[in-house]
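Have a look at the structure below, then the notes.
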Amino acid sequence: MDPSNIVSIIELSTSALKLGSKVFYEFFGNDRSIEKLQRLNLRLQGLNEILQKIPKSEIPLLKAQYRGIDTTLRECKAFLKDYEATLSSKSGFRAATQRTGFLFSESRLDSFNKRIDDHFHELNAHIGFRIL
């Protein structure tokens with residue numbers, strides 16, 4: 001795998017993290033989806049940090065993981081962009097309906113939380129084995 005690919009994945013991770021933070025902090029309340037957005041934001045932050053710790057020399061060893069991470073981050077970022085657009089849309093019945101729909105997007109949030117958590121643990125295990 002080309003070292004520039006890891007740079008693009010780190011940039012994608014950073015971008016998703018920033019967008020997740022923005023969406024989380026623009027939307028507040030006591031709904032469970034808010035907690036899940038917060039968890040997603042924390043997981044994106046952890047993934048971003050661990051991606052930056054991987055030495056470029058080890059990139060070829062993690063080619064399969066990077067493909068999965070790239071897919072997850074692209075889907076997550078698209079979801080967060082839609083969420084952000086819905087939050088910033090003008091008021092009205094349609095906007096309120098869209099916002100309500102995102103409040104009940106818990107299964108998608110659960111999926112992103114699980115997938116990002118899995119990626120984090122895979123990479124963390126790789127770093128742990130490297131230390132041994």
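Convention: chains lettered A, B, ... in structure tokens order; per-chain residue numbering from 1; ligands numbered from 1 as shown.
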Applying 12 Å and only C-alpha atoms, which residues near Phe79 in chain A remain after dropping the ones on its own chain fewer than 6 positions away? List them as a ChimeraX atom specification. /A:16,19-20,23,37,40,72-73,85-86,102,105-106,108-109,111-112
Identify, on the basis of only C-alpha atoms, every residue whose closest approach to Thr14 in chain A does not exceed 10 Å; exclude the query and any residue fewer than 5 positions from it along the same chain; express the result as an mmCIF file with all heavy atoms, in the first residue's frame.
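Written file, out.cif:
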```
data_model
loop_
_atom_site.group_PDB
_atom_site.id
_atom_site.type_symbol
_atom_site.label_atom_id
_atom_site.label_comp_id
_atom_site.auth_asym_id
_atom_site.auth_seq_id
_atom_site.Cartn_x
_atom_site.Cartn_y
_atom_site.Cartn_z
ATOM 1 N N SER A 8 -4.191 9.879 3.310
ATOM 2 C CA SER A 8 -5.576 10.199 2.943
ATOM 3 C C SER A 8 -6.557 9.610 3.949
ATOM 4 O O SER A 8 -7.582 10.220 4.239
ATOM 5 C CB SER A 8 -5.897 9.732 1.520
ATOM 6 O OG SER A 8 -5.909 8.341 1.437
ATOM 7 N N ILE A 9 -6.252 8.434 4.507
ATOM 8 C CA ILE A 9 -7.133 7.848 5.511
ATOM 9 C C ILE A 9 -7.093 8.676 6.795
ATOM 10 O O ILE A 9 -8.118 8.910 7.425
ATOM 11 C CB ILE A 9 -6.779 6.368 5.767
ATOM 12 C CG1 ILE A 9 -7.211 5.534 4.563
ATOM 13 C CG2 ILE A 9 -7.431 5.845 7.039
ATOM 14 C CD1 ILE A 9 -6.826 4.081 4.634
ATOM 15 N N LEU A 19 -16.353 16.767 11.713
ATOM 16 C CA LEU A 19 -17.768 16.836 11.374
ATOM 17 C C LEU A 19 -18.614 16.238 12.489
ATOM 18 O O LEU A 19 -19.653 16.791 12.861
ATOM 19 C CB LEU A 19 -18.029 16.117 10.046
ATOM 20 C CG LEU A 19 -19.425 16.234 9.468
ATOM 21 C CD1 LEU A 19 -19.822 17.695 9.272
ATOM 22 C CD2 LEU A 19 -19.478 15.493 8.135
ATOM 23 N N GLY A 20 -18.168 15.111 13.048
ATOM 24 C CA GLY A 20 -18.887 14.498 14.168
ATOM 25 C C GLY A 20 -18.967 15.437 15.355
ATOM 26 O O GLY A 20 -20.010 15.551 16.007
ATOM 27 N N LEU A 44 -14.366 8.192 16.971
ATOM 28 C CA LEU A 44 -13.651 8.797 15.840
ATOM 29 C C LEU A 44 -12.345 9.427 16.311
ATOM 30 O O LEU A 44 -11.316 9.325 15.642
ATOM 31 C CB LEU A 44 -14.528 9.852 15.152
ATOM 32 C CG LEU A 44 -15.656 9.313 14.274
ATOM 33 C CD1 LEU A 44 -16.625 10.440 13.915
ATOM 34 C CD2 LEU A 44 -15.113 8.649 13.031
ATOM 35 N N GLN A 45 -12.377 10.041 17.461
ATOM 36 C CA GLN A 45 -11.180 10.654 18.021
ATOM 37 C C GLN A 45 -10.130 9.585 18.329
ATOM 38 O O GLN A 45 -8.954 9.735 17.993
ATOM 39 C CB GLN A 45 -11.525 11.432 19.288
ATOM 40 C CG GLN A 45 -10.356 12.160 19.894
ATOM 41 C CD GLN A 45 -10.781 12.980 21.115
ATOM 42 O OE1 GLN A 45 -11.918 12.918 21.577
ATOM 43 N NE2 GLN A 45 -9.853 13.747 21.631
ATOM 44 N N LEU A 47 -9.865 6.560 17.006
ATOM 45 C CA LEU A 47 -9.384 5.979 15.750
ATOM 46 C C LEU A 47 -8.390 6.915 15.084
ATOM 47 O O LEU A 47 -7.337 6.486 14.614
ATOM 48 C CB LEU A 47 -10.559 5.696 14.813
ATOM 49 C CG LEU A 47 -10.209 5.027 13.484
ATOM 50 C CD1 LEU A 47 -9.598 3.642 13.713
ATOM 51 C CD2 LEU A 47 -11.447 4.918 12.598
ATOM 52 N N ASN A 48 -8.705 8.195 15.085
ATOM 53 C CA ASN A 48 -7.805 9.178 14.501
ATOM 54 C C ASN A 48 -6.442 9.152 15.198
ATOM 55 O O ASN A 48 -5.397 9.151 14.552
ATOM 56 C CB ASN A 48 -8.444 10.567 14.608
ATOM 57 C CG ASN A 48 -7.689 11.620 13.849
ATOM 58 O OD1 ASN A 48 -6.476 11.598 13.796
ATOM 59 N ND2 ASN A 48 -8.413 12.538 13.268
ATOM 60 N N GLU A 49 -6.454 9.099 16.511
ATOM 61 C CA GLU A 49 -5.196 9.093 17.275
ATOM 62 C C GLU A 49 -4.367 7.842 16.981
ATOM 63 O O GLU A 49 -3.156 7.915 16.804
ATOM 64 C CB GLU A 49 -5.486 9.198 18.772
ATOM 65 C CG GLU A 49 -5.991 10.563 19.178
ATOM 66 C CD GLU A 49 -6.508 10.629 20.603
ATOM 67 O OE1 GLU A 49 -6.452 9.612 21.333
ATOM 68 O OE2 GLU A 49 -6.995 11.708 20.986
ATOM 69 N N LEU A 51 -4.514 5.894 14.305
ATOM 70 C CA LEU A 51 -4.049 5.903 12.914
ATOM 71 C C LEU A 51 -2.761 6.715 12.778
ATOM 72 O O LEU A 51 -1.872 6.364 12.005
ATOM 73 C CB LEU A 51 -5.124 6.466 11.982
ATOM 74 C CG LEU A 51 -6.254 5.517 11.608
ATOM 75 C CD1 LEU A 51 -7.407 6.280 10.963
ATOM 76 C CD2 LEU A 51 -5.746 4.421 10.690
ATOM 77 N N LEU A 73 -15.333 5.030 7.277
ATOM 78 C CA LEU A 73 -15.232 6.478 7.461
ATOM 79 C C LEU A 73 -15.982 7.236 6.372
ATOM 80 O O LEU A 73 -16.610 8.267 6.650
ATOM 81 C CB LEU A 73 -13.768 6.906 7.507
ATOM 82 C CG LEU A 73 -13.016 6.489 8.765
ATOM 83 C CD1 LEU A 73 -11.532 6.821 8.638
ATOM 84 C CD2 LEU A 73 -13.605 7.155 10.002
#
```
Practice prompt. Quote the spacing between CA of Lys77 in chain A and CA of Gly128 in chain A in Å to one decimal place.
Written response: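 Between CA of Lys77 in chain A and CA of Gly128 in chain A the gap is 28.3 Å.
Proximity ranking of A:Gln38, A:Gln65, A:Gln52, A:Ser88 relative to Asp110 in chain A places A:Gln38 first, based on only C-alpha atoms.
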Please indicate the distance in Å from CA of Ser15 in chain A to CA of Pro60 in chain A, rounded to one decimal place.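 CA of Pro60 in chain A lies 23.4 Å from CA of Ser15 in chain A.
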Shortest contact to Lys36 in chain A, candidates A:His119, A:Lys114, A:Arg74, A:Lys18, atoms counted only C-alpha atoms, goes to A:Lys114
If we count only C-alpha atoms and set the cut-off at 10 Å, which residues sit around Leu62 in chain A, ignoring sequence neighbours fewer than 6 positions away in its own chain? Please answer as a short mmCIF file (atom, residue, chain, number, x, y, z; two decimals) with C-alpha atoms, in the first residue's frame.
```
data_model
loop_
_atom_site.label_atom_id
_atom_site.label_comp_id
_atom_site.auth_asym_id
_atom_site.auth_seq_id
_atom_site.Cartn_x
_atom_site.Cartn_y
_atom_site.Cartn_z
CA MET A 1 0.00 0.00 0.00
CA ILE A 6 -2.47 6.29 4.96
CA ILE A 54 1.10 3.64 12.90
CA GLU A 122 -7.75 -4.22 15.32
CA LEU A 123 -5.20 -1.43 15.01
CA HIS A 126 -1.43 -4.63 15.80
#
```
Arg43 in chain A surroundings by only C-alpha atoms, 7 Å radius, close-in-sequence under 5 positions cut, as a PyMOL selection string
chain A and resi 113+116-117
| task | Please measure the separation of CA of Glu58 in chain A and CA of Asn124 in chain A, giving the value in Å to one decimal. | result |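 Distance between the two atoms: 13.1 Å.
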Under the rule that only C-alpha atoms are counted, which of A:Asp118, A:Glu84, A:Glu11, A:Ile34 is the nearest residue to Gly68 in chain A?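 Once distances to Gly68 in chain A are computed over only C-alpha atoms, the minimum belongs to A:Asp118.
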